[in-house]
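Participant: Before I ask anything, here is the structure I am working with.
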Amino acid sequence: MKTVTTLVELREQTDLLRATGTLALVPTMGALHKGHLTLMREARARADHVVASIFVNPRQFGQGEDLDAYPRQLARDSELLQAEGVSLLWAPAPAEVYPAGYATNISVAGVSDGLCGADRPGHFDGVATVVCKLFNQVRPDMAFFGEKDWQQLAVIRRMARDLDLTFPSVDAIHGVGIVREADGLAMSSRNAYLSPTQRSQAAALPQAMQAAIAAIAASTPAAEALAALRGKILAAGFDSVDYAELRDRDSLAPLDSDNGTARLFVAARIGGTRLIDNMPV
Ligand code: PAF
């Protein structure tokens, strides 16, 4: 696996790879866990070459968020990527992605609103902007994203459709199912922030979600099931619940009940850590 940090090197290396097959891009911010490695494997199964990017994107962090504290472990991540058969690692410095005078922002209305968009103003503009740049830099035939960030995936697909992107086209933007710990907690780089006590309390989040989904399936009104879900999460030791909502899985329009396309979305805070999860209803 080669590692490149400048756009010139990236262009050279991706041209070489493209000459011998298809390219898949897996964008990440590093601090890789098994969920990321599953993305690499999916990409490897579908494309001849996998390009992984590691870039902690400052534009998607709000004021007071964890940009400086975000775990950075390039040497360890490189070893993991190498072991997964990744061909090329794109690991630019911030100035390579946002040189002096950088002025452009991509904002995807609608799907960026509500859920994490409400609690993290500007976050999805930062994600859409950097992902559009990564697509243009690498020009992959396909790209892979985790479904844990379901709203992020919806924003990226909407952007690709609206801007007529071709490398990759919207149909070649693949979502990969959430990878969970044995107790059900969705894998996330931010789980590393949890103390041992918080880590064991955090399992209440997916468990309460499953209970709410079972209650809705057994005809409990959704509002009642979601109120019980919030209560269980707080009782388990979480400090707050940012949202617990049913939304349409594609448009992310809010739903009052399950109409066959509903997905449950939850974000909750424990200590200084914000955890998100989503499940089909
Ligand atoms: O999901 C992430 O890790 C990031 O939001 C992404 C897609 C790499 C953009 O910075």
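The way I read the labels, and the way they are meant: chains A, B, ... in the order of the structure tokens, residue 1 as the first residue of every chain, and ligand 1 as the first ligand shown, with later ones counted on from there.
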Pick out the residues no farther than 7 Å from ligand 1, counting only C-alpha atoms and all ligand atoms, and list them as a PyMOL selection string.

Facilitator: chain A and resi 27-29+55-57+127+130-131+145+149

Participant: Hey, can you spit out that residue selection with C-alpha atoms as a PDB file, in the first residue's frame?

Facilitator:
```pdb
ATOM      1  CA  PRO A  27     -13.528   8.074   2.976  1.00  0.00           C
ATOM      2  CA  THR A  28     -12.723   8.040   6.715  1.00  0.00           C
ATOM      3  CA  MET A  29     -11.441  10.309   9.455  1.00  0.00           C
ATOM      4  CA  PHE A  55      -8.710  13.256   6.796  1.00  0.00           C
ATOM      5  CA  VAL A  56     -10.069  14.792  10.004  1.00  0.00           C
ATOM      6  CA  ASN A  57     -12.179  17.402   8.256  1.00  0.00           C
ATOM      7  CA  VAL A 127     -19.402  16.699   5.162  1.00  0.00           C
ATOM      8  CA  VAL A 130     -15.263  17.488   1.812  1.00  0.00           C
ATOM      9  CA  VAL A 131     -16.876  14.406   0.263  1.00  0.00           C
ATOM     10  CA  PHE A 145     -20.054   4.706   3.624  1.00  0.00           C
ATOM     11  CA  ASP A 149     -24.303   7.803   9.754  1.00  0.00           C
TER      12      ASP A 149
END
```

Participant: Among range 45-270 of chain A, which ones does DSSP place in helix (DSSP H, G or I), written as a VMD selection string?

Facilitator: chain A and resid 45 to 46 58 to 60 74 to 83 94 to 97 116 to 119 123 to 138 147 to 162 170 to 172 189 to 193 196 to 202 204 to 217 222 to 235

Participant: Need to verify the contact set: range 74-87 of chain A, 9 Å, only C-alpha atoms, exclusion of same-chain residues closer than 6 positions in sequence. Can you return it as a list of chain:residue names?

Facilitator: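 Surrounding residues, per the criterion: A:Met1, A:Lys2, A:Thr3, A:Leu17, A:Gly30, A:Ala31, A:Leu32, A:His33, A:Leu37, A:Met40, A:Arg41, A:Arg44, A:His49, A:Val50, A:Val51, A:Ala52, A:Ile54.
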
Participant: Write out as a list in words each polymer residue whose atoms come within 9 Å of range 257-260 of chain A, counting only C-alpha atoms; drop sequence neighbours fewer than 6 positions from it.

Facilitator: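 So, after excluding close chain neighbours, the residues are Ile216, Ala217, Pro221, Ala222, Ala223, Leu246, Arg247, Asp248 and Val281 of chain A.
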
Participant: Please write the residues from the selection above to a file, keeping all heavy atoms, as a short mmCIF file (atom, residue, chain, number, x, y, z; two decimals), in the first residue's frame.

Facilitator:
```
data_model
loop_
_atom_site.label_atom_id
_atom_site.label_comp_id
_atom_site.auth_asym_id
_atom_site.auth_seq_id
_atom_site.Cartn_x
_atom_site.Cartn_y
_atom_site.Cartn_z
N ILE A 216 -43.61 -0.86 19.02
CA ILE A 216 -44.34 -0.30 17.87
C ILE A 216 -44.93 -1.44 17.04
O ILE A 216 -46.09 -1.39 16.60
CB ILE A 216 -43.42 0.61 17.02
CG1 ILE A 216 -43.08 1.88 17.83
CG2 ILE A 216 -44.07 0.98 15.70
CD1 ILE A 216 -41.97 2.74 17.26
N ALA A 217 -44.14 -2.52 16.88
CA ALA A 217 -44.63 -3.68 16.13
C ALA A 217 -45.84 -4.31 16.83
O ALA A 217 -46.71 -4.90 16.19
CB ALA A 217 -43.52 -4.71 15.96
N PRO A 221 -48.59 3.02 20.38
CA PRO A 221 -48.41 4.25 19.58
C PRO A 221 -46.94 4.69 19.61
O PRO A 221 -46.27 4.60 20.65
CB PRO A 221 -49.32 5.26 20.28
CG PRO A 221 -50.31 4.43 21.04
CD PRO A 221 -49.60 3.15 21.41
N ALA A 222 -46.46 5.17 18.46
CA ALA A 222 -45.03 5.51 18.35
C ALA A 222 -44.62 6.54 19.41
O ALA A 222 -43.54 6.42 20.01
CB ALA A 222 -44.73 6.03 16.95
N ALA A 223 -45.47 7.56 19.66
CA ALA A 223 -45.10 8.61 20.62
C ALA A 223 -44.85 8.00 22.00
O ALA A 223 -43.91 8.39 22.70
CB ALA A 223 -46.19 9.66 20.69
N LEU A 246 -38.89 8.80 14.57
CA LEU A 246 -39.13 7.95 13.40
C LEU A 246 -39.07 8.85 12.17
O LEU A 246 -39.67 9.93 12.16
CB LEU A 246 -40.53 7.34 13.44
CG LEU A 246 -40.86 6.27 14.45
CD1 LEU A 246 -42.22 5.66 14.11
CD2 LEU A 246 -39.79 5.18 14.49
N ARG A 247 -38.35 8.39 11.16
CA ARG A 247 -38.26 9.16 9.91
C ARG A 247 -38.37 8.19 8.72
O ARG A 247 -38.03 7.02 8.84
CB ARG A 247 -36.90 9.86 9.81
CG ARG A 247 -36.66 10.89 10.89
CD ARG A 247 -36.85 12.26 10.34
NE ARG A 247 -36.71 13.30 11.32
CZ ARG A 247 -36.42 14.57 11.02
NH1 ARG A 247 -36.19 14.91 9.77
NH2 ARG A 247 -36.36 15.49 11.95
N ASP A 248 -38.79 8.72 7.59
CA ASP A 248 -38.77 7.92 6.36
C ASP A 248 -37.33 7.58 6.02
O ASP A 248 -36.46 8.46 6.06
CB ASP A 248 -39.41 8.71 5.21
CG ASP A 248 -39.41 7.91 3.93
OD1 ASP A 248 -40.33 7.10 3.74
OD2 ASP A 248 -38.45 8.07 3.13
N VAL A 281 -37.55 -0.03 11.42
CA VAL A 281 -38.66 -0.31 12.34
C VAL A 281 -39.45 -1.49 11.81
O VAL A 281 -39.76 -1.54 10.64
CB VAL A 281 -39.56 0.94 12.46
CG1 VAL A 281 -40.81 0.64 13.29
CG2 VAL A 281 -38.75 2.06 13.10
#
```

Participant: Which one is closest to Gly271 in chain A: A:Thr104, A:Thr197, A:Thr6, A:Thr129? Count only C-alpha atoms.

Facilitator: A:Thr197

Participant: Identify, on the basis of only C-alpha atoms, every residue whose closest approach to Pro58 in chain A does not exceed 9 Å; exclude the query and any residue fewer than 4 positions from it along the same chain; express the result as a PyMOL selection string.

Facilitator: chain A and resi 62+67+94+126

Participant: With a distance cut-off of 8 Å and only C-alpha atoms, select the neighbouring residues of Lys34 in chain A, excluding the residue or stretch itself and same-chain residues fewer than 3 positions from it, and output the selection as a list in words.

Facilitator: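 Answer for this query is Leu37, Thr38, Val179 and Met187 of chain A.
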
Participant: Using C-alpha atoms, can you export the residues from the last selection as an mmCIF file, in the first residue's frame?

Facilitator:
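Written file, out25.cif:
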```cif
data_model
loop_
_atom_site.group_PDB
_atom_site.id
_atom_site.type_symbol
_atom_site.label_atom_id
_atom_site.label_comp_id
_atom_site.auth_asym_id
_atom_site.auth_seq_id
_atom_site.Cartn_x
_atom_site.Cartn_y
_atom_site.Cartn_z
ATOM 1 C CA LEU A 37 -12.584 -2.511 8.049
ATOM 2 C CA THR A 38 -15.930 -3.961 6.954
ATOM 3 C CA VAL A 179 -21.225 -3.193 12.748
ATOM 4 C CA MET A 187 -19.036 0.723 16.577
#
```
